[in-house]
Amino acid sequence: MTFSERELQCFVAVAQTGSLGRAAAQVHLAQPSLSRLVQRMEAQSGQPLFDRTTRGMVLTDAGEVLFRHAGHLLADMDDLRDELAAFRGLRRGTVRVGAVAAVMRGLVVKAAAHMLELSPALRIEAREDVNSALLQALEQREIDIALTAGEIRDEAVSCIGCCDYSDDFAVFCAHDHPIDHAPSLEDIFACQWVMPGAAFSPRARFEALARSLGHKVSVGMETHSVETMAAMCAASRLLSWLPVPLMAVNMEQDKVRRLDVPSLELRRHFWVYRRSRGLLSDATREFLRYLPLRERPIEHGANLF
């Protein structure tokens with residue numbers, strides 16, 4: 001059983017849209033031609049790939065298996081083209097990088113700017129998210145590398161190195177907040193907080209830290225947006241617990257101030273991960289050269305497996 005890249009692209013379009021009509025427009029084929037292509041694929045596989053229902057084209061169990069692998073195969077073909085183009089000196093390709101907010105807006109932006117200045121034909125797709133979402137995106141081949149806050153233990157990914165960079169979580173309040181600069185823990189936890197949702201690792205770590213000190217966190221507002229947390233902290237009496245680099249501009253503008261609470265300060269380190277299997281594109285390996293890694297196993301021209 002052999003499917004061409006074009007056949008896989010058409011199959012994925014039908015699976016994603018659930019409609020021959022919408023998929024045909026997406027892949028620039030007439031609907032009857034696309035229908036015949038799908039039928040040929042089903043005949044070649046020896047079983048139906050879609051159930052035709054009143055709701056549209058729905059994947060069968062066999063179709064689900066093919067869909068899962070088709071995305072990986074198409075991504076590998078794109079990577080192969082970029083690798084071969086690099087040998088011809090074209091220096092093209094796309095780096096798909098995911099990172100937590102603090103490192104995305106610092107290290108990743110700086111590395112990306114440096115790389116694009118020297119290799120303007122390359123492109124970067126950046127995704128900002130939390131560790132768990134980055135791990136899932138990496139495993140599902142939505143990104144090529146992930147910069148995480150802390151180590152990840154999962155057989156599906158392998159560590160490239162630890163960034164020569166760290167930051168600190170600290171407590172912040174509005175610049176005109178009446179609380180003392182060096183408040184007691186009783187005063188701190190008498191206040192309400194603006195926090196990310198309970199599923200986010202910074203929230204879990206802060207609540208665990210509070211419990212270890214014998215206190216409970218009263219959350220007045222939940223949001224996944226760092227900008228909203230910073231803005232709410234600056235505009236209200238709610239306290240926040242955020243990485244210092246992300247609050248630097250707000251401190252410079254006298255919107256917030258950092259409180260002196262050593263027991264609630266936490267240093268973070270950042271790791272770079274890739275999938276355990278597969279080949280990194282030349283563009284991704286080029287990007288990694290601009291990251292300050294303590295361990296740098298990448299030599300010029302070397303393939304990473």
# chains A, B, ... in the order shown; residues from 1 in each chain; ligands from 1
call {"tool": "select_by_dssp", "arguments": {"residues": "segment 26-128 of chain A", "states": "alpha helix (DSSP H)", "output": "PyMOL selection string"}}
result
chain A and resi 26-27+31-45+61-87+101-103+109-118
call {"tool": "residues_around", "arguments": {"residues": "segment 199-208 of chain A", "least_positions_apart": "2", "cutoff": "10 Å", "atoms": "only C-alpha atoms", "output": "mmCIF file with N, CA and C atoms, in the first residue's frame"}}
result
data_model
loop_
_atom_site.group_PDB
_atom_site.id
_atom_site.type_symbol
_atom_site.label_atom_id
_atom_site.label_comp_id
_atom_site.auth_asym_id
_atom_site.auth_seq_id
_atom_site.Cartn_x
_atom_site.Cartn_y
_atom_site.Cartn_z
ATOM 1 N N VAL A 130 1.987 26.851 28.115
ATOM 2 C CA VAL A 130 2.495 26.265 29.347
ATOM 3 C C VAL A 130 3.160 24.926 29.044
ATOM 4 N N ASN A 131 3.914 24.402 30.018
ATOM 5 C CA ASN A 131 4.699 23.186 29.807
ATOM 6 C C ASN A 131 3.883 22.028 29.249
ATOM 7 N N SER A 132 2.735 21.741 29.850
ATOM 8 C CA SER A 132 1.955 20.577 29.442
ATOM 9 C C SER A 132 1.492 20.697 27.999
ATOM 10 N N ALA A 133 1.071 21.903 27.597
ATOM 11 C CA ALA A 133 0.617 22.117 26.218
ATOM 12 C C ALA A 133 1.784 22.044 25.247
ATOM 13 N N ALA A 149 9.883 25.451 31.322
ATOM 14 C CA ALA A 149 10.301 25.901 32.643
ATOM 15 C C ALA A 149 10.438 24.671 33.535
ATOM 16 N N PHE A 169 10.576 34.099 40.156
ATOM 17 C CA PHE A 169 9.203 34.478 40.482
ATOM 18 C C PHE A 169 9.245 35.308 41.754
ATOM 19 N N MET A 195 -4.364 35.155 39.570
ATOM 20 C CA MET A 195 -3.586 33.943 39.310
ATOM 21 C C MET A 195 -4.031 33.277 38.011
ATOM 22 N N PRO A 196 -3.152 32.445 37.428
ATOM 23 C CA PRO A 196 -3.600 31.604 36.311
ATOM 24 C C PRO A 196 -4.527 30.514 36.831
ATOM 25 N N GLY A 197 -5.146 29.781 35.931
ATOM 26 C CA GLY A 197 -6.054 28.717 36.335
ATOM 27 C C GLY A 197 -5.364 27.618 37.123
ATOM 28 N N ALA A 210 2.695 28.112 49.366
ATOM 29 C CA ALA A 210 1.896 28.740 50.421
ATOM 30 C C ALA A 210 1.538 27.727 51.506
ATOM 31 N N ARG A 211 1.121 26.519 51.097
ATOM 32 C CA ARG A 211 0.770 25.476 52.083
ATOM 33 C C ARG A 211 1.957 25.111 52.959
ATOM 34 N N SER A 212 3.144 25.067 52.341
ATOM 35 C CA SER A 212 4.339 24.722 53.133
ATOM 36 C C SER A 212 4.645 25.784 54.175
ATOM 37 N N LEU A 213 4.147 26.990 53.959
ATOM 38 C CA LEU A 213 4.332 28.089 54.916
ATOM 39 C C LEU A 213 3.137 28.246 55.848
ATOM 40 N N GLY A 214 2.163 27.354 55.688
ATOM 41 C CA GLY A 214 1.008 27.363 56.573
ATOM 42 C C GLY A 214 -0.069 28.348 56.185
ATOM 43 N N HIS A 215 -0.159 28.683 54.900
ATOM 44 C CA HIS A 215 -1.143 29.656 54.456
ATOM 45 C C HIS A 215 -1.937 29.136 53.267
ATOM 46 N N LYS A 216 -3.057 29.789 52.999
ATOM 47 C CA LYS A 216 -3.925 29.449 51.879
ATOM 48 C C LYS A 216 -4.069 30.662 50.976
ATOM 49 N N VAL A 217 -4.123 30.417 49.669
ATOM 50 C CA VAL A 217 -4.195 31.504 48.692
ATOM 51 C C VAL A 217 -5.659 31.830 48.393
ATOM 52 N N SER A 218 -6.027 33.099 48.519
ATOM 53 C CA SER A 218 -7.366 33.566 48.158
ATOM 54 C C SER A 218 -7.288 34.213 46.775
ATOM 55 N N GLU A 222 -8.955 34.836 38.044
ATOM 56 C CA GLU A 222 -8.194 33.838 37.289
ATOM 57 C C GLU A 222 -8.118 34.267 35.831
ATOM 58 N N HIS A 224 -5.491 33.220 32.083
ATOM 59 C CA HIS A 224 -4.283 32.595 31.550
ATOM 60 C C HIS A 224 -3.356 33.622 30.917
ATOM 61 N N TRP A 241 1.975 36.909 41.405
ATOM 62 C CA TRP A 241 3.244 36.173 41.547
ATOM 63 C C TRP A 241 3.693 35.801 40.145
ATOM 64 N N LEU A 242 4.665 36.557 39.636
ATOM 65 C CA LEU A 242 5.045 36.438 38.228
ATOM 66 C C LEU A 242 6.563 36.510 38.066
ATOM 67 N N PRO A 243 7.072 36.050 36.920
ATOM 68 C CA PRO A 243 8.511 36.172 36.664
ATOM 69 C C PRO A 243 8.932 37.639 36.602
ATOM 70 N N LEU A 264 8.802 33.667 49.356
ATOM 71 C CA LEU A 264 7.907 33.448 48.220
ATOM 72 C C LEU A 264 8.605 33.712 46.881
ATOM 73 N N GLU A 265 9.925 33.736 46.897
ATOM 74 C CA GLU A 265 10.682 33.893 45.673
ATOM 75 C C GLU A 265 11.196 32.533 45.215
ATOM 76 N N LEU A 266 11.184 32.325 43.915
ATOM 77 C CA LEU A 266 11.546 31.015 43.367
ATOM 78 C C LEU A 266 12.299 31.197 42.061
#
call {"tool": "closest_atom_pairs", "arguments": {"of": "segment 241-285 of chain A", "to": "segment 114-125 of chain A", "cutoff": "12 Å", "atoms": "only C-alpha atoms", "output": "JSON lines"}}
result
{"residue": "A:Ser281", "atom": "CA", "partner": "A:Leu122", "partner_atom": "CA", "distance": 11.5}
{"residue": "A:Asp282", "atom": "CA", "partner": "A:Leu122", "partner_atom": "CA", "distance": 10.1}
{"residue": "A:Ala283", "atom": "CA", "partner": "A:Leu122", "partner_atom": "CA", "distance": 6.9}
{"residue": "A:Thr284", "atom": "CA", "partner": "A:Ile124", "partner_atom": "CA", "distance": 9.2}
{"residue": "A:Arg285", "atom": "CA", "partner": "A:Met115", "partner_atom": "CA", "distance": 11.1}
call {"tool": "residues_around", "arguments": {"residues": "segment 8-14 of chain A", "least_positions_apart": "4", "cutoff": "7 Å", "atoms": "only C-alpha atoms", "output": "number ranges by chain"}}
result
A: 3-4, 18-20, 23, 27, 38, 67, 70
call {"tool": "write_last_selection", "arguments": {"atoms": "N, CA, C and O atoms", "output": "PDB file, in the first residue's frame"}}
result
ATOM      1  N   PHE A   3       0.806   5.512  -0.778  1.00  0.00           N
ATOM      2  CA  PHE A   3       0.065   6.729  -1.072  1.00  0.00           C
ATOM      3  C   PHE A   3       1.052   7.836  -1.395  1.00  0.00           C
ATOM      4  O   PHE A   3       2.097   7.970  -0.756  1.00  0.00           O
ATOM      5  N   SER A   4       0.704   8.654  -2.379  1.00  0.00           N
ATOM      6  CA  SER A   4       1.547   9.793  -2.729  1.00  0.00           C
ATOM      7  C   SER A   4       1.327  10.931  -1.741  1.00  0.00           C
ATOM      8  O   SER A   4       0.346  10.949  -0.984  1.00  0.00           O
ATOM      9  N   GLY A  18     -14.282  17.530   7.041  1.00  0.00           N
ATOM     10  CA  GLY A  18     -15.476  16.702   7.100  1.00  0.00           C
ATOM     11  C   GLY A  18     -16.395  16.888   5.917  1.00  0.00           C
ATOM     12  O   GLY A  18     -17.564  16.502   5.956  1.00  0.00           O
ATOM     13  N   SER A  19     -15.852  17.457   4.835  1.00  0.00           N
ATOM     14  CA  SER A  19     -16.685  17.772   3.672  1.00  0.00           C
ATOM     15  C   SER A  19     -15.853  17.673   2.406  1.00  0.00           C
ATOM     16  O   SER A  19     -14.769  18.264   2.326  1.00  0.00           O
ATOM     17  N   LEU A  20     -16.376  16.951   1.421  1.00  0.00           N
ATOM     18  CA  LEU A  20     -15.686  16.873   0.138  1.00  0.00           C
ATOM     19  C   LEU A  20     -15.646  18.238  -0.547  1.00  0.00           C
ATOM     20  O   LEU A  20     -14.649  18.608  -1.165  1.00  0.00           O
ATOM     21  N   ALA A  23     -13.111  20.510   1.294  1.00  0.00           N
ATOM     22  CA  ALA A  23     -11.764  19.976   1.075  1.00  0.00           C
ATOM     23  C   ALA A  23     -11.319  20.208  -0.365  1.00  0.00           C
ATOM     24  O   ALA A  23     -10.148  20.520  -0.627  1.00  0.00           O
ATOM     25  N   VAL A  27      -7.813  22.042  -1.512  1.00  0.00           N
ATOM     26  CA  VAL A  27      -6.701  21.399  -2.242  1.00  0.00           C
ATOM     27  C   VAL A  27      -6.736  21.707  -3.734  1.00  0.00           C
ATOM     28  O   VAL A  27      -5.963  21.140  -4.510  1.00  0.00           O
ATOM     29  N   VAL A  38     -10.366   9.702  -3.160  1.00  0.00           N
ATOM     30  CA  VAL A  38     -10.638   9.042  -1.878  1.00  0.00           C
ATOM     31  C   VAL A  38     -11.042   7.588  -2.096  1.00  0.00           C
ATOM     32  O   VAL A  38     -10.605   6.680  -1.371  1.00  0.00           O
ATOM     33  N   PHE A  67      -5.032   8.889   9.350  1.00  0.00           N
ATOM     34  CA  PHE A  67      -4.970  10.325   9.628  1.00  0.00           C
ATOM     35  C   PHE A  67      -3.853  10.640  10.616  1.00  0.00           C
ATOM     36  O   PHE A  67      -3.114  11.621  10.459  1.00  0.00           O
ATOM     37  N   ALA A  70      -0.626  10.218   8.663  1.00  0.00           N
ATOM     38  CA  ALA A  70      -0.494  11.086   7.493  1.00  0.00           C
ATOM     39  C   ALA A  70       0.126  12.432   7.863  1.00  0.00           C
ATOM     40  O   ALA A  70       0.985  12.947   7.143  1.00  0.00           O
TER      41      ALA A  70
END
call {"tool": "residues_around", "arguments": {"residues": "Cys163 of chain A", "least_positions_apart": "5", "cutoff": "10 Å", "atoms": "only C-alpha atoms", "output": "list of chain:residue names"}}
result
A:Val103, A:Leu107, A:Leu147, A:Thr148, A:His269, A:Phe270, A:Trp271, A:Val272, A:Leu291, A:Pro292, A:Leu293, A:Arg294, A:Glu295, A:Arg296
call {"tool": "atom_distance", "arguments": {"atom1": "atom CA of Gly220 of chain A", "atom2": "atom CA of Asp167 of chain A"}}
result
25.6 Å
call {"tool": "residues_around", "arguments": {"residues": "Val261 of chain A", "least_positions_apart": "2", "cutoff": "9 Å", "atoms": "only C-alpha atoms", "output": "count of residues only"}}
result
13
call {"tool": "closest_residue", "arguments": {"among": "A:Thr2, A:Gln44, A:Gln31, A:Ser158", "to": "Gly278 of chain A", "atoms": "only C-alpha atoms"}}
result
A:Ser158
call {"tool": "closest_residue", "arguments": {"among": "A:Ala234, A:Val157, A:Met247, A:Leu34", "to": "Arg277 of chain A", "atoms": "only C-alpha atoms"}}
result
A:Val157
call {"tool": "closest_residue", "arguments": {"among": "A:Arg22, A:His28, A:Arg275, A:His72", "to": "Asp154 of chain A", "atoms": "only C-alpha atoms"}}
result
A:Arg275
call {"tool": "closest_residue", "arguments": {"among": "A:Gln140, A:Arg36, A:Arg127, A:Ala112", "to": "Gly71 of chain A", "atoms": "only C-alpha atoms"}}
result
A:Gln140
call {"tool": "select_by_dssp", "arguments": {"residues": "segment 158-234 of chain A", "states": "strand (DSSP E or B)", "output": "number ranges by chain"}}
result
A: 158-174, 192-195, 218-222
call {"tool": "atom_distance", "arguments": {"atom1": "atom CA of Arg153 of chain A", "atom2": "atom CA of His69 of chain A"}}
result
24.1 Å
call {"tool": "atom_distance", "arguments": {"atom1": "atom CA of Thr60 of chain A", "atom2": "atom CA of Ala15 of chain A"}}
result
10.2 Å
call {"tool": "closest_residue", "arguments": {"among": "A:Gln16, A:Arg68, A:Asp78, A:Ala235", "to": "Asp176 of chain A", "atoms": "only C-alpha atoms"}}
result
A:Ala235
call {"tool": "closest_residue", "arguments": {"among": "A:Arg274, A:Val194, A:Phe287, A:Leu246", "to": "Asp144 of chain A", "atoms": "only C-alpha atoms"}}
result
A:Arg274
